[in-house]
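Trainee: Shown below is the structure under consideration.
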Amino acid sequence: MTYRRSGAASVVLNVGGARYSLSRELLKDFPLRRVSRLHGCRSERDVLEVCDDYDRERNEYFFDRHSEAFGFILLYVRGHGKLRFAPRMCELSFYNEMIYWGLEGAHLEYCCQRRLDDRMSDTYTFYTAEEPGALGRDEARPGGAEVAPSRRWLERMRRTFEEPTSSLAAQILASVSVVFVIVSMVVLCASTLPDWRAAAADNRSLDDRSRYSAGPGREPSGIIEAICIGWFTAECIVRFIVSKNKCEFVKRPLNIIDLLAITPYYISVLMTVFTGENSQLQRAGVTLRVLRMMRIFWVIKLARHFIGLQTLGLTLKRCYREMVMLLVFICVAMAIFSALSQLLEHGLDLETSNKDFASIPAACWWVIISMTTVGYGDMYPITMPGRILGGVCVVSGIVLLALPITFIYHSFVQCYHELKFRSARYSRSLSAEFLN
């Protein structure tokens with residue numbers, strides 16, 4: 001049956017008997033994914049895949065869902081408060097409503113997230129039927145039509161490479177990637193040992209080759225490095241091909257790190273080829289060593305597979321204001337204590353002055369290692385006023401560093417629970433795939 005869109009300026013959503021009127025202009029970009037999908041419907045069949053019933057004459061869409069829960073969700077997406085559980089409603093039922101309308105557990109307040117995590121852990125319940133990825137698959141349907149096999153295959157490939165806990169194949173792929181990262185790090189660390197470099201130099205002299213040691217060659221370390229780079233390059237290319245949004249893929253921090261870790265190898269290969277054995281190789285040597293050491297970024301690739309590193313990155317992202325505040329505290333205290341220490345140790349008595357505190361920048365080093373209670377002992381005050389100032393500096397550093405830590409700690413715990421809950425969603429699907 002042909003679906004004729006009404007010319008009315010507004011539509012009506014009937015959710016469990018409660019009616020809500022929305023303008024058609026807001027329908028396309030509405031924050032709830034299920035509601036916004038109504039704008040792209042081209043047939044009555046498409047409409048019925050989104051809602052339960054449709055009245056063409058009154059331009060009214062019917063949803064057989066919990067009206068009170070939708071009211072809470074609608075207030076939240078319109079910016080009229082924070083999302084909390086509806087009173088006298090089961091946490092799992094409310095979360096099921098959130099999943100239906102296109103929200104995630106991360107939209108809940110922290111206290112409600114803890115309640116939901118505890119309830120799901122107690123009942124061993126994990127929602128996997130309508131994950132955000134599943135909603136994305138539904139949205140990928142043109143006008144609600146059935147998903148083509150190629151699209152279904154691309155979605156499966158995307159989840160395999162992007163979500164290590166989504167399936168058994170993703171687990172195996174993540175394990176292989178971790179092994180390659182560890183092997184590359186071990187080779188990088190071993191290549192800096194004197195015995196390793198001496199053995200490499202002997203091999204080059206025996207083979208009558210004068211290639212720079214940082215450049216890739218036919219040595220075992222060069223072969224292992226080439227294999228690891230080949231794996232990382234293939235993985236990055238496949239993830240780029242199966243990604244939904246190519247621009248968003250390039251902007252992600254972990255993908256940028258992957259690019260920074262892979263690119264130096266190819267640059268070093270090109271530089272070695274073009275410089276050859278002439279005098280330009282000596283000038284290129286420092287650049288090649290720097291490019292080689294950039295492989296240390298491969299360690300950050302482990303963040304794709306370990307919740308701990310993901311928690312650290314998410315915490316730093318959410319607590320950048322607290323981190324800036326901590327940096328400001330340290331800078332202000334460092335400016336004050338460095339000026340006072342330089343005056344007390346060097347500026348008052350030039351005959352018995354402490355040469356380590358000859359300038360304020362030099363005193364800044366002593367202040368920072370004292371405030372952080374590191375105390376290398378390479379410089380220290382020798383006058384009584386300077387020692388008293390040093391004690392005040394240490395105590396002040398402990399207090400100033402402790403003030404923002406509470407906020408950062410609570411954010412870390414919240415991020416850890418969010419990522420742990422997100423990872424637990426795929427447990428049942430993974431177990432079913434393993435049993436099948």
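Every chain in the structure tokens takes a letter, A first, then B, and so on in the order presented; its residues are numbered from 1, and the ligands are numbered from 1 following the presented order.
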Which residues are near Ser175 (chain A)? Cut-off 12 Å, only C-alpha atoms, ignore same chain within fewer than 3 positions. Put them as a count of residues only.
Mentor: 17
Trainee: Apply DSSP to the structure's backbone, then extract all residues of region 155-391 of chain A labelled alpha helix (DSSP H) and return them as a PyMOL selection string.
Mentor: chain A and resi 155-162+168-190+194-206+220-242+246-251+253-275+280-293+307-318+320-342+360-371+384-391
Trainee: Work out how far CA of Leu108 (chain A) is from CA of Lys82 (chain A), in Å to one decimal.
Mentor: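 Result for CA of Lys82 (chain A) versus CA of Leu108 (chain A): 7.5 Å, one decimal.
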Trainee: Excluding Asn255 (chain A) and any residue of its chain fewer than 4 positions from it, enumerate the residues within 12 Å of it, using only C-alpha atoms, and give them as a ChimeraX atom specification.
Mentor: /A:162,232-233,235-237,239-240,243,246-251,259-262,297-298,300-301,303-304
Trainee: So how many Å separate CA of Ile369 (chain A) and CA of Pro385 (chain A), to one decimal?
Mentor: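 According to the coordinates, CA of Ile369 (chain A) and CA of Pro385 (chain A) are separated by 18.7 Å.
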Trainee: Taking only C-alpha atoms into account, which of A:Ser370, A:Ser184, A:Asn14, A:Thr160 comes nearest Glu225 (chain A)?
Mentor: A:Ser184
Trainee: Taking 4 positions as the minimum chain separation for residues in the same chain, which residues sit within 7 Å of region 98-106 of chain A when counting only C-alpha atoms? Answer as an MDAnalysis selection string.
Mentor: chainID A and resid 32:34 94 113 130 418
Trainee: Between CA of Met294 (chain A) and CA of Leu327 (chain A), what is the distance, to one decimal in Å?
Mentor: 26.5 Å
Trainee: Could you give me, as a list of chain:residue names, the residues within 8 Å of His66 (chain A), counting only C-alpha atoms and dropping anything in the same chain fewer than 6 positions from it?
Mentor: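 Selected residues are A:Val15, A:Gly16, A:Glu97.
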Trainee: Choose the residue, out of A:Met379, A:Val35, A:Ile224, A:Leu326, that has the smallest atom-to-atom separation from Ile398 (chain A); count only C-alpha atoms.
Mentor: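 Of A:Met379, A:Val35, A:Ile224, A:Leu326, the one nearest Ile398 (chain A) is A:Leu326, counting only C-alpha atoms.
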Trainee: Excluding Leu312 (chain A) and residues on its chain fewer than 5 positions from it, collect all residues at most 9 Å away from it, counting only C-alpha atoms, and give them as number ranges by chain.
Mentor: A: 307, 317, 412, 415-416
